[in-house]
$ cat my_file00.txt   # compact mmCIF, C-alpha atoms
# COMPACT_ATOMS: atom_id res chain seq x y z
CA THR A 622 308.40 -147.30 211.86
CA ALA A 623 305.65 -148.46 214.20
CA ALA A 624 304.37 -144.87 214.53
CA ALA A 625 303.91 -144.61 210.75
CA ILE A 626 301.67 -147.68 210.52
CA PRO A 627 298.47 -146.06 211.87
CA ARG A 628 299.04 -142.94 209.77
CA ARG A 629 299.56 -144.94 206.57
CA ARG A 630 296.45 -147.00 207.30
CA LEU A 631 294.28 -143.96 208.01
CA LEU A 632 295.38 -142.32 204.76
CA ALA A 633 295.04 -145.48 202.68
CA GLN A 634 291.57 -146.07 204.08
CA GLN A 635 290.58 -142.44 203.37
CA LEU A 636 289.62 -141.68 206.95
CA TRP A 637 292.36 -139.03 206.69
CA GLY A 638 293.53 -137.14 203.66
CA PRO A 639 291.52 -135.92 200.67
CA GLY A 640 288.83 -138.60 201.02
CA ALA A 641 286.81 -140.39 198.36
CA ALA A 642 284.77 -138.60 195.70
CA ASP A 643 281.60 -140.28 196.97
CA ALA A 644 280.35 -143.38 198.80
CA PRO A 645 280.71 -145.76 195.82
CA ALA A 646 284.32 -144.59 195.41
CA ALA A 647 284.95 -145.24 199.11
CA VAL A 648 283.63 -148.80 198.73
CA ARG A 649 285.66 -149.42 195.60
CA ASN A 650 288.80 -148.25 197.37
CA LEU A 651 288.25 -150.65 200.30
CA LEU A 652 286.85 -153.42 198.03
CA ALA A 653 284.49 -154.67 200.77
CA VAL A 654 283.24 -152.94 203.93
CA GLN A 655 281.90 -155.00 206.84
CA ALA A 656 278.28 -153.94 207.30
CA GLN A 657 276.30 -156.03 209.76
CA GLU A 658 275.38 -152.92 211.79
CA TYR A 659 273.67 -151.19 208.90
CA ALA A 660 273.21 -147.70 210.39
CA TYR A 661 276.82 -147.44 211.53
CA ALA A 662 278.17 -148.99 208.31
CA ARG A 663 276.53 -146.15 206.36
CA TRP A 664 278.48 -143.74 208.58
CA SER A 665 281.72 -145.58 207.74
CA LEU A 666 281.15 -144.67 204.09
CA ALA A 667 279.90 -141.12 204.61
CA GLN A 668 282.83 -140.07 206.79
CA ARG A 669 285.30 -141.15 204.10
CA CYS A 670 283.78 -138.88 201.46
CA SER A 671 284.91 -135.42 200.43
CA GLY A 672 283.16 -132.32 199.20
CA ALA A 673 279.38 -132.15 199.15
CA THR A 674 278.96 -135.85 200.01
CA ARG A 675 281.07 -135.67 203.19
CA ASP A 676 279.06 -136.98 206.15
CA ASP A 677 275.95 -137.08 203.91
CA ALA A 678 273.66 -139.98 204.82
CA ALA A 679 271.31 -139.25 201.93
CA ALA A 680 274.09 -139.67 199.37
CA VAL A 681 275.00 -143.07 200.84
CA ASP A 682 271.34 -144.11 200.91
CA ALA A 683 270.91 -143.12 197.27
CA ALA A 684 273.86 -145.28 196.18
CA ILE A 685 272.46 -148.24 198.14
CA ALA A 686 268.97 -147.72 196.75
CA ASP A 687 270.08 -147.58 193.11
CA GLY A 688 272.24 -150.68 193.54
CA THR A 689 275.63 -149.06 193.00
CA ILE A 690 276.48 -150.27 196.52
CA LEU A 691 275.14 -153.71 197.43
CA ARG A 692 274.90 -155.37 200.83
CA THR A 693 275.36 -159.11 200.94
CA HIS A 694 277.40 -161.97 202.43
CA VAL A 695 280.82 -162.28 200.84
CA LEU A 696 284.45 -162.97 201.86
CA ARG A 697 283.57 -164.05 205.41
CA PRO A 698 280.14 -165.20 206.62
CA THR A 699 278.96 -161.72 207.54
CA TRP A 700 277.39 -158.72 205.80
CA HIS A 701 279.53 -156.50 203.59
CA PHE A 702 278.99 -153.50 201.35
CA VAL A 703 280.48 -154.14 197.90
CA HIS A 704 280.39 -152.09 194.69
CA ARG A 705 278.23 -153.70 192.01
CA GLN A 706 281.21 -153.82 189.61
CA ASP A 707 283.17 -155.99 192.06
CA LEU A 708 280.55 -158.29 193.53
CA ARG A 709 280.33 -161.01 190.87
CA TRP A 710 284.06 -161.82 190.74
CA LEU A 711 284.48 -161.40 194.49
CA SER A 712 281.50 -163.69 195.17
CA THR A 713 282.79 -166.27 192.70
CA LEU A 714 286.19 -166.23 194.40
CA SER A 715 284.91 -166.55 197.97
CA ARG A 716 281.99 -168.96 197.37
CA PRO A 717 283.89 -172.29 197.60
CA ARG A 718 285.37 -171.51 201.03
CA LEU A 719 282.10 -170.08 202.33
CA LYS A 720 280.24 -173.20 201.19
CA ALA A 721 282.84 -175.50 202.72
CA GLY A 722 282.75 -173.61 206.00
CA ASN A 723 278.96 -173.90 206.14
CA LYS A 724 278.71 -177.69 205.96
CA THR A 725 278.56 -178.32 209.71
CA ARG A 726 275.80 -175.76 210.19
CA ASP A 727 273.92 -177.18 207.21
CA ARG A 728 273.92 -180.61 208.84
CA GLN A 729 272.70 -179.13 212.14
CA LEU A 730 269.87 -177.38 210.33
CA GLY A 731 268.89 -180.32 208.12
CA ILE A 732 269.97 -178.60 204.91
CA ASP A 733 271.47 -180.67 202.08
CA PRO A 734 272.35 -179.82 198.45
CA ALA A 735 268.95 -180.99 197.17
CA ILE A 736 267.14 -178.70 199.60
CA VAL A 737 269.41 -175.79 198.62
CA GLU A 738 268.62 -176.39 194.95
CA ARG A 739 264.85 -176.42 195.63
CA SER A 740 265.12 -173.37 197.88
CA ASN A 741 267.12 -171.43 195.29
CA ALA A 742 264.44 -172.10 192.68
CA VAL A 743 261.67 -170.91 195.02
CA LEU A 744 263.53 -167.76 196.03
CA ALA A 745 264.47 -166.93 192.44
CA GLU A 746 260.77 -167.02 191.55
CA VAL A 747 259.89 -164.65 194.41
CA VAL A 748 262.24 -161.93 193.11
CA ALA A 749 261.64 -162.57 189.39
CA GLY A 750 260.34 -159.71 187.29
CA GLY A 751 262.27 -157.01 189.13
CA ARG A 752 260.55 -157.53 192.48
CA HIS A 753 262.35 -156.36 195.65
CA VAL A 754 260.95 -158.13 198.68
CA PRO A 755 261.65 -158.29 202.44
CA ARG A 756 262.78 -161.47 204.16
CA GLU A 757 259.23 -162.15 205.36
CA ASP A 758 258.13 -162.70 201.75
CA LEU A 759 261.02 -165.12 201.18
CA ALA A 760 260.01 -167.02 204.33
CA ALA A 761 256.37 -167.25 203.24
CA ALA A 762 257.36 -168.70 199.86
CA LEU A 763 259.63 -171.29 201.48
CA GLU A 764 256.83 -172.24 203.88
CA ARG A 765 254.41 -172.77 200.99
CA ALA A 766 257.02 -174.98 199.30
CA GLY A 767 257.37 -177.11 202.46
CA LEU A 768 260.96 -176.05 203.04
CA LEU A 769 260.45 -174.01 206.21
CA GLU A 770 258.14 -175.79 208.58
CA ASP A 771 257.75 -174.16 212.00
CA THR A 772 257.93 -177.05 214.46
CA GLY A 773 258.69 -174.93 217.48
CA GLU A 774 262.11 -176.59 217.84
CA ARG A 775 265.08 -174.60 219.14
CA LEU A 776 268.76 -175.03 218.41
CA ASN A 777 271.37 -173.45 220.67
CA GLY A 778 268.58 -171.53 222.36
CA ALA A 779 267.15 -169.93 219.18
CA PRO A 780 264.18 -170.97 217.00
CA LEU A 781 265.31 -173.56 214.46
CA ARG A 782 263.01 -172.09 211.80
CA ASN A 783 264.69 -168.68 211.89
CA GLN A 784 268.17 -170.19 211.65
CA ARG A 785 267.12 -172.40 208.76
CA LEU A 786 265.62 -169.41 206.93
CA ALA A 787 268.81 -167.37 207.38
CA HIS A 788 270.96 -170.15 205.97
CA LEU A 789 268.71 -170.86 202.99
CA VAL A 790 268.86 -167.16 202.10
CA TYR A 791 272.61 -167.21 202.69
CA HIS A 792 272.97 -170.09 200.22
CA ALA A 793 270.95 -168.16 197.65
CA GLU A 794 273.33 -165.22 198.06
CA MET A 795 276.41 -167.44 197.69
CA ASP A 796 274.86 -169.10 194.62
CA GLN A 797 274.26 -165.67 193.06
CA MET A 798 270.49 -165.92 193.12
CA LEU A 799 269.79 -163.10 195.61
CA VAL A 800 271.35 -159.77 196.49
CA SER A 801 270.18 -156.65 198.32
CA GLY A 802 267.32 -154.66 196.85
CA VAL A 803 266.02 -151.16 197.56
CA PRO A 804 265.68 -150.79 201.35
CA GLN A 805 262.16 -150.20 202.68
CA ALA A 806 261.39 -147.59 205.33
CA THR A 807 259.69 -148.96 208.44
CA ASN A 808 257.13 -147.13 210.59
CA GLY A 809 259.94 -146.26 213.00
CA GLY A 810 261.97 -144.66 210.22
CA ALA A 811 264.64 -147.38 210.03
CA ALA A 812 265.61 -149.11 206.79
CA ARG A 813 264.57 -152.71 206.22
CA GLN A 814 266.66 -154.94 203.97
CA THR A 815 265.02 -156.28 200.84
CA TYR A 816 266.21 -158.85 198.32
CA ALA A 817 266.35 -158.74 194.53
CA ALA A 818 267.60 -160.98 191.75
CA PHE A 819 271.42 -161.06 191.64
CA ASP A 820 271.53 -160.82 187.84
CA GLU A 821 269.26 -157.76 187.91
CA ARG A 822 271.60 -155.76 190.13
CA VAL A 823 275.06 -157.17 189.30
CA PRO A 824 276.56 -156.83 185.79
CA PRO A 825 278.13 -159.83 184.07
CA LEU A 826 281.88 -160.34 184.05
CA PRO A 827 283.56 -158.85 180.97
CA HIS A 828 285.40 -162.16 180.43
CA PRO A 829 285.41 -165.67 181.95
CA PHE A 830 286.39 -165.83 185.61
CA ASP A 831 290.10 -166.44 186.17
CA ARG A 832 290.97 -167.35 189.76
CA ASP A 833 294.58 -166.18 189.64
CA GLU A 834 293.49 -162.88 188.15
CA ALA A 835 290.90 -162.51 190.93
CA LEU A 836 293.48 -163.32 193.61
CA ALA A 837 295.84 -160.74 192.14
CA ALA A 838 293.12 -158.08 192.11
CA LEU A 839 292.09 -158.83 195.69
CA VAL A 840 295.55 -158.68 197.22
CA ARG A 841 296.59 -155.64 195.19
CA ARG A 842 293.52 -153.72 196.27
CA TYR A 843 293.61 -154.94 199.88
CA PHE A 844 297.21 -153.84 200.44
CA SER A 845 296.63 -150.58 198.54
CA SER A 846 293.64 -149.66 200.71
CA HIS A 847 294.54 -151.33 204.04
CA GLY A 848 298.34 -151.39 204.10
CA PRO A 849 300.63 -151.60 205.89
CA ALA A 850 299.29 -155.08 206.60
CA THR A 851 300.59 -158.62 206.66
CA VAL A 852 299.80 -161.67 204.56
CA LYS A 853 297.96 -163.12 207.56
CA ASP A 854 295.94 -159.90 207.97
CA CYS A 855 294.84 -160.22 204.36
CA ALA A 856 294.04 -163.92 204.68
CA LEU A 857 291.85 -163.44 207.74
CA TRP A 858 290.14 -160.39 206.22
CA SER A 859 289.40 -162.13 202.92
CA GLY A 860 288.62 -165.63 204.18
CA LEU A 861 291.35 -166.99 201.91
CA THR A 862 294.36 -169.07 202.92
CA GLN A 863 297.78 -167.48 203.33
CA ALA A 864 298.90 -169.64 200.42
CA ASP A 865 296.21 -168.03 198.25
CA VAL A 866 297.30 -164.55 199.33
CA ARG A 867 300.90 -165.35 198.38
CA ARG A 868 299.68 -166.79 195.08
CA GLY A 869 297.81 -163.55 194.47
CA LEU A 870 300.93 -161.52 195.22
CA GLU A 871 302.88 -163.63 192.77
CA ALA A 872 300.18 -163.21 190.13
CA ALA A 873 300.05 -159.45 190.73
CA GLY A 874 303.79 -159.16 190.11
CA THR A 875 306.13 -156.49 191.37
CA GLY A 876 305.13 -153.04 190.27
CA THR A 877 301.94 -153.99 188.42
CA GLY A 878 298.47 -152.64 188.96
CA ALA A 879 297.44 -149.31 190.44
CA ALA A 880 300.36 -149.04 192.89
CA VAL A 881 303.73 -150.59 193.66
CA LEU A 882 303.61 -152.76 196.77
CA GLN A 883 306.45 -152.10 199.19
CA THR A 884 307.56 -154.39 202.03
CA GLY A 885 309.19 -153.79 205.38
CA ALA A 886 309.65 -155.46 208.75
CA VAL A 887 308.33 -153.81 211.92
CA ASP A 888 307.89 -155.42 215.35
CA GLY A 889 308.60 -158.84 213.89
CA HIS A 890 305.89 -158.52 211.20
CA GLU A 891 306.50 -158.34 207.46
CA PHE A 892 304.25 -155.55 206.17
CA LEU A 893 303.12 -154.72 202.65
CA TRP A 894 301.68 -151.39 201.54
CA ALA A 895 301.22 -149.26 198.46
CA ASP A 896 303.74 -146.54 197.71
CA ASP A 897 301.51 -144.44 195.49
CA GLY A 898 303.01 -141.01 196.03
CA GLY A 899 300.00 -140.04 198.13
CA PRO A 900 299.63 -137.50 200.94
CA SER A 901 302.29 -136.83 203.56
CA LEU A 902 302.55 -139.30 206.43
CA ARG A 903 302.79 -136.53 209.00
CA GLY A 904 300.13 -136.65 211.68
CA PRO A 905 297.56 -133.86 212.08
CA GLY A 906 298.97 -130.49 213.13
CA SER A 907 296.38 -130.21 215.89
CA PRO A 908 294.41 -132.87 217.78
CA ARG A 909 291.99 -134.83 215.62
CA VAL A 910 289.17 -137.07 216.84
CA ASP A 911 287.40 -139.61 214.64
CA LEU A 912 284.31 -141.54 215.70
CA ILE A 913 284.41 -144.90 213.92
CA GLN A 914 282.14 -147.90 214.25
CA CYS A 915 283.51 -151.04 215.93
CA TYR A 916 283.38 -152.97 212.63
CA ASP A 917 285.06 -150.22 210.64
CA GLU A 918 287.75 -151.44 208.25
CA TYR A 919 290.33 -149.62 210.39
CA VAL A 920 289.47 -152.24 213.04
CA MET A 921 288.33 -155.30 211.11
CA GLY A 922 290.84 -154.97 208.27
CA TYR A 923 293.50 -156.45 210.55
CA THR A 924 293.64 -159.28 213.07
CA PRO A 925 297.22 -160.11 214.14
CA THR A 926 298.25 -156.46 213.80
CA ARG A 927 295.06 -154.78 215.02
CA GLY A 928 296.85 -153.53 218.12
CA TYR A 929 298.32 -150.58 216.24
CA LEU A 930 295.02 -148.76 216.76
CA GLY A 931 295.99 -148.57 220.43
CA GLY A 932 293.15 -150.39 222.15
CA SER A 933 290.87 -153.41 222.22
CA ALA A 934 288.09 -153.37 219.66
CA PRO A 935 285.44 -154.43 219.03
CA ALA A 936 284.42 -154.44 222.70
CA PRO A 937 283.14 -157.80 224.03
CA ALA A 938 279.35 -158.01 224.25
CA ASN A 939 279.53 -158.31 228.05
CA ALA A 940 281.94 -155.38 228.48
CA LYS A 941 279.15 -152.94 229.49
CA VAL A 942 280.79 -150.12 227.54
CA PRO A 943 279.70 -148.51 224.27
CA SER A 944 280.93 -150.73 221.46
CA HIS A 945 282.26 -148.18 218.95
CA VAL A 946 285.67 -146.53 218.89
CA VAL A 947 286.87 -142.99 219.61
CA LEU A 948 290.19 -142.26 217.88
CA LEU A 949 292.46 -139.42 218.97
CA ASN A 950 295.15 -138.82 216.33
CA GLY A 951 294.47 -142.33 215.05
CA ARG A 952 294.78 -144.08 218.43
CA MET A 953 291.89 -145.47 220.43
CA THR A 954 291.05 -143.22 223.37
CA GLY A 955 287.49 -144.24 224.20
CA ASN A 956 284.20 -145.78 223.14
CA TRP A 957 280.89 -144.35 221.91
CA GLN A 958 277.37 -145.34 220.89
CA HIS A 959 274.17 -143.60 219.86
CA ALA A 960 270.57 -144.12 220.91
CA LEU A 961 267.97 -142.69 218.53
CA LYS A 962 264.95 -140.98 220.06
CA PRO A 963 262.07 -139.08 218.41
CA GLY A 964 263.61 -135.96 216.92
CA THR A 965 266.98 -136.36 218.58
CA ALA A 966 269.82 -138.76 219.35
CA VAL A 967 271.82 -139.41 222.49
CA VAL A 968 275.50 -140.12 221.95
CA ARG A 969 277.27 -141.65 224.93
CA VAL A 970 281.06 -141.23 224.98
CA LEU A 971 283.26 -143.08 227.46
CA LEU A 972 286.84 -141.78 227.38
CA HIS A 973 289.90 -143.62 228.66
CA ARG A 974 291.37 -140.41 230.08
CA THR A 975 290.55 -136.76 230.58
CA LEU A 976 291.13 -134.69 227.46
CA ALA A 977 293.07 -131.45 227.21
CA ALA A 978 291.18 -128.36 226.10
CA ASP A 979 292.23 -128.62 222.44
CA GLU A 980 291.41 -132.36 222.45
CA GLU A 981 287.93 -131.57 223.80
CA GLN A 982 287.46 -129.16 220.90
CA ALA A 983 288.44 -131.94 218.48
CA LEU A 984 285.89 -134.27 220.10
CA MET A 985 283.19 -131.60 219.72
CA ALA A 986 284.10 -131.25 216.04
CA ALA A 987 283.79 -135.02 215.55
CA LEU A 988 280.40 -135.02 217.28
CA GLU A 989 279.29 -132.17 215.04
CA ARG A 990 280.19 -134.29 212.00
CA TYR A 991 278.07 -137.12 213.35
CA ARG A 992 275.18 -134.74 214.09
CA SER A 993 275.35 -133.62 210.46
CA PHE A 994 275.26 -137.25 209.31
CA LEU A 995 272.23 -138.13 211.45
CA GLY A 996 270.48 -134.89 210.55
CA ARG A 997 269.09 -134.39 214.04
CA PRO A 998 270.17 -132.69 217.28
CA LEU A 999 272.54 -134.59 219.56
CA ASP A 1000 272.52 -134.82 223.32
CA THR A 1001 275.96 -136.02 224.38
CA GLU A 1002 276.89 -137.77 227.59
CA ILE A 1003 280.67 -137.68 228.07
CA SER A 1004 282.37 -139.51 230.92
CA VAL A 1005 285.85 -140.75 231.77
CA ARG A 1006 286.48 -144.36 232.68
CA GLY A 1007 287.10 -144.69 236.40
CA ALA A 1008 286.07 -141.10 237.11
CA SER A 1009 283.17 -140.29 239.40
CA GLY A 1010 280.50 -138.58 237.38
CA GLN A 1011 280.87 -136.98 233.99
CA ALA A 1012 283.73 -135.08 232.42
CA GLY A 1013 281.90 -131.80 232.16
CA GLN A 1014 278.17 -131.43 231.56
CA PRO A 1015 276.20 -133.20 228.81
CA ALA A 1016 276.49 -131.12 225.68
CA GLY A 1017 273.82 -130.40 223.10
CA LEU A 1018 274.72 -130.02 219.44

$ encode --input "my_file00.txt" --output "structure tokens"
Amino acid sequence: TAAAIPRRRLLAQQLWGPGAADAPAAVRNLLAVQAQEYAYARWSLAQRCSGATRDDAAAVDAAIADGTILRTHVLRPTWHFVHRQDLRWLSTLSRPRLKAGNKTRDRQLGIDPAIVERSNAVLAEVVAGGRHVPREDLAAALERAGLLEDTGERLNGAPLRNQRLAHLVYHAEMDQMLVSGVPQATNGGAARQTYAAFDERVPPLPHPFDRDEALAALVRRYFSSHGPATVKDCALWSGLTQADVRRGLEAAGTGTGAAVLQTGAVDGHEFLWADDGGPSLRGPGSPRVDLIQCYDEYVMGYTPTRGYLGGSAPAPANAKVPSHVVLLNGRMTGNWQHALKPGTAVVRVLLHRTLAADEEQALMAALERYRSFLGRPLDTEISVRGASGQAGQPAGL
């Protein structure tokens, strides 16, 4: 039924239920986790964990630092977290479509295959010998090689040099020359991305790459961790064609792999999901609130069927509302965002309606989880859309 779809998704994605053993296990379950907003993407992993690693930012940071979890461009042209055991085959599978989709931008930026080859060689030398370097060091090396001249030109309102740098680094990621290194702490306490040699951080494949085998693994794991979902959902999530998704389903075969894929029609969509004998599909016995980021897999894992979360996310940039999503029993009931300040954080919550007393308690519990993740006191500003003033007084946690 339509009501079961959000519950199945929340359980499959480990937002509900027992959770993952740790952050690497959460990434392996989801296969790839969209991660362009780094701080919030870490929260997406921590809140899916169980036991001692639940809501533990330090445990996520440790897995990123030691290279168990890597952050790079794969599947679609945006950042993702991927487990080191999955990155090489997933990158090999997605590279041809990413390269093809980049040709127009390459022409705009004056990048051709010969320049990419020269750039790759320069960047490989920068990270050789186990060095982990920030993007500024990559830029300096490309400048010395005459591949990144700063002419002051702008393209689409932004400096041409910066766009060219981003795309040369992007090519090096696609060509398996670069991958994320150990993040560096900045003076402000944030983490700065570094780059390392791909072969240093990513193990070799155990056998030669087989495209059909990779397609089968991708679709099996996508529908096991994101289902119920449609073929089109999977195609848009993975950057593959629908024909490739169907080819992967055929290669996976009925009843093979970690779970049997079931099918069913709801609201005119043909859904697939894993029937793995997992937890009950009943909703929570009392109100439950989850604070998820706007690029969480519960949002971005679906496109044509995203509406089952019960709202519009991610919020448009000009919407003037916090961009992240408040879920009440799995359905969107508001937006939220944090602002970090010295020694504290301000979390602004904008609700779509006034909450009942037990729902307010669930929201406070969710905010307490986020306070634990950030490891600092929270000042919360809670308001209701369309209401004059705030719903209650700002709360401190």

$ residues_near_point --input "my_file00.txt" --point "(274.7, -164.6, 200.6)" --cutoff "10 Å" --atoms "only C-alpha atoms" --output "ChimeraX atom specification"
/A:692-696,698-701,712,716,719,787-801

$ closest_atom_pairs --input "my_file00.txt" --of "segment 828-929 of chain A" --to "segment 959-976 of chain A" --cutoff "12 Å" --atoms "all atoms listed in the file" --output "JSON lines"
{"residue": "A:Pro908", "atom": "CA", "partner": "A:Leu976", "partner_atom": "CA", "distance": 10.4}
{"residue": "A:Arg909", "atom": "CA", "partner": "A:Leu976", "partner_atom": "CA", "distance": 11.9}
{"residue": "A:Val910", "atom": "CA", "partner": "A:Leu976", "partner_atom": "CA", "distance": 11.1}
{"residue": "A:Leu912", "atom": "CA", "partner": "A:Val970", "partner_atom": "CA", "distance": 9.8}
{"residue": "A:Ile913", "atom": "CA", "partner": "A:His959", "partner_atom": "CA", "distance": 11.9}
{"residue": "A:Gln914", "atom": "CA", "partner": "A:His959", "partner_atom": "CA", "distance": 10.7}

$ residues_around --input "my_file00.txt" --residues "Leu882 of chain A" --least-positions-apart "5" --cutoff "12 Å" --atoms "all atoms listed in the file" --output "ChimeraX atom specification"
/A:840-851,870-871,873-877,892-898

$ residues_around --input "my_file00.txt" --residues "Pro943 of chain A" --least-positions-apart "5" --cutoff "6 Å" --atoms "all atoms listed in the file" --output "PyMOL selection string"
chain A and resi 956-958

$ closest_residue --input "my_file00.txt" --among "A:Arg952, A:Arg756, A:Lys720, A:Arg782" --to "Ile626 of chain A" --atoms "all atoms listed in the file"
A:Arg952

$ residues_around --input "my_file00.txt" --residues "Asn950 of chain A" --least-positions-apart "3" --cutoff "10 Å" --atoms "all atoms listed in the file" --output "ChimeraX atom specification"
/A:627-628,631,904-911,930,947,953-954,980,983

$ atom_distance --input "my_file00.txt" --atom1 "atom CA of Gly773 of chain A" --atom2 "atom CA of Val754 of chain A"
25.3 Å

$ closest_residue --input "my_file00.txt" --among "A:Glu918, A:Gln784, A:Glu757, A:Ser1004" --to "Gln635 of chain A" --atoms "only C-alpha atoms"
A:Glu918

$ residues_around --input "my_file00.txt" --residues "Pro639 of chain A" --least-positions-apart "3" --cutoff "10 Å" --atoms "all atoms listed in the file" --output "list in words"
Leu632, Gln635, Leu636, Ala642, Arg669, Cys670, Ser671, Gly672, Gly899 and Pro900 of chain A

$ closest_residue --input "my_file00.txt" --among "A:Asp758, A:Asp917, A:Asp727, A:Asp643" --to "Gln814 of chain A" --atoms "all atoms listed in the file"
A:Asp758

$ atom_distance --input "my_file00.txt" --atom1 "atom CA of Ser715 of chain A" --atom2 "atom CA of Met921 of chain A"
17.6 Å

$ atom_distance --input "my_file00.txt" --atom1 "atom CA of Ala623 of chain A" --atom2 "atom CA of Val887 of chain A"
6.4 Å

$ closest_residue --input "my_file00.txt" --among "A:Val881, A:Leu948, A:Arg739, A:Ala679" --to "Gly996 of chain A" --atoms "all atoms listed in the file"
A:Ala679

$ closest_residue --input "my_file00.txt" --among "A:Leu691, A:Val1005, A:Leu949, A:Ala761" --to "Val823 of chain A" --atoms "all atoms listed in the file"
A:Leu691

$ closest_residue --input "my_file00.txt" --among "A:Ala647, A:Ile685, A:Leu988, A:Ala886" --to "Ala633 of chain A" --atoms "only C-alpha atoms"
A:Ala647

$ residues_near_point --input "my_file00.txt" --point "(274.4, -148.4, 200.8)" --cutoff "9 Å" --atoms "all atoms listed in the file" --output "list in words"
Ala644, Pro645, Tyr659, Ala662, Arg663, Leu666, Ala680, Val681, Asp682, Ala683, Ala684, Ile685, Ala686, Asp687, Gly688, Thr689, Ile690, Leu691, Arg692, Phe702 and Val703 of chain A
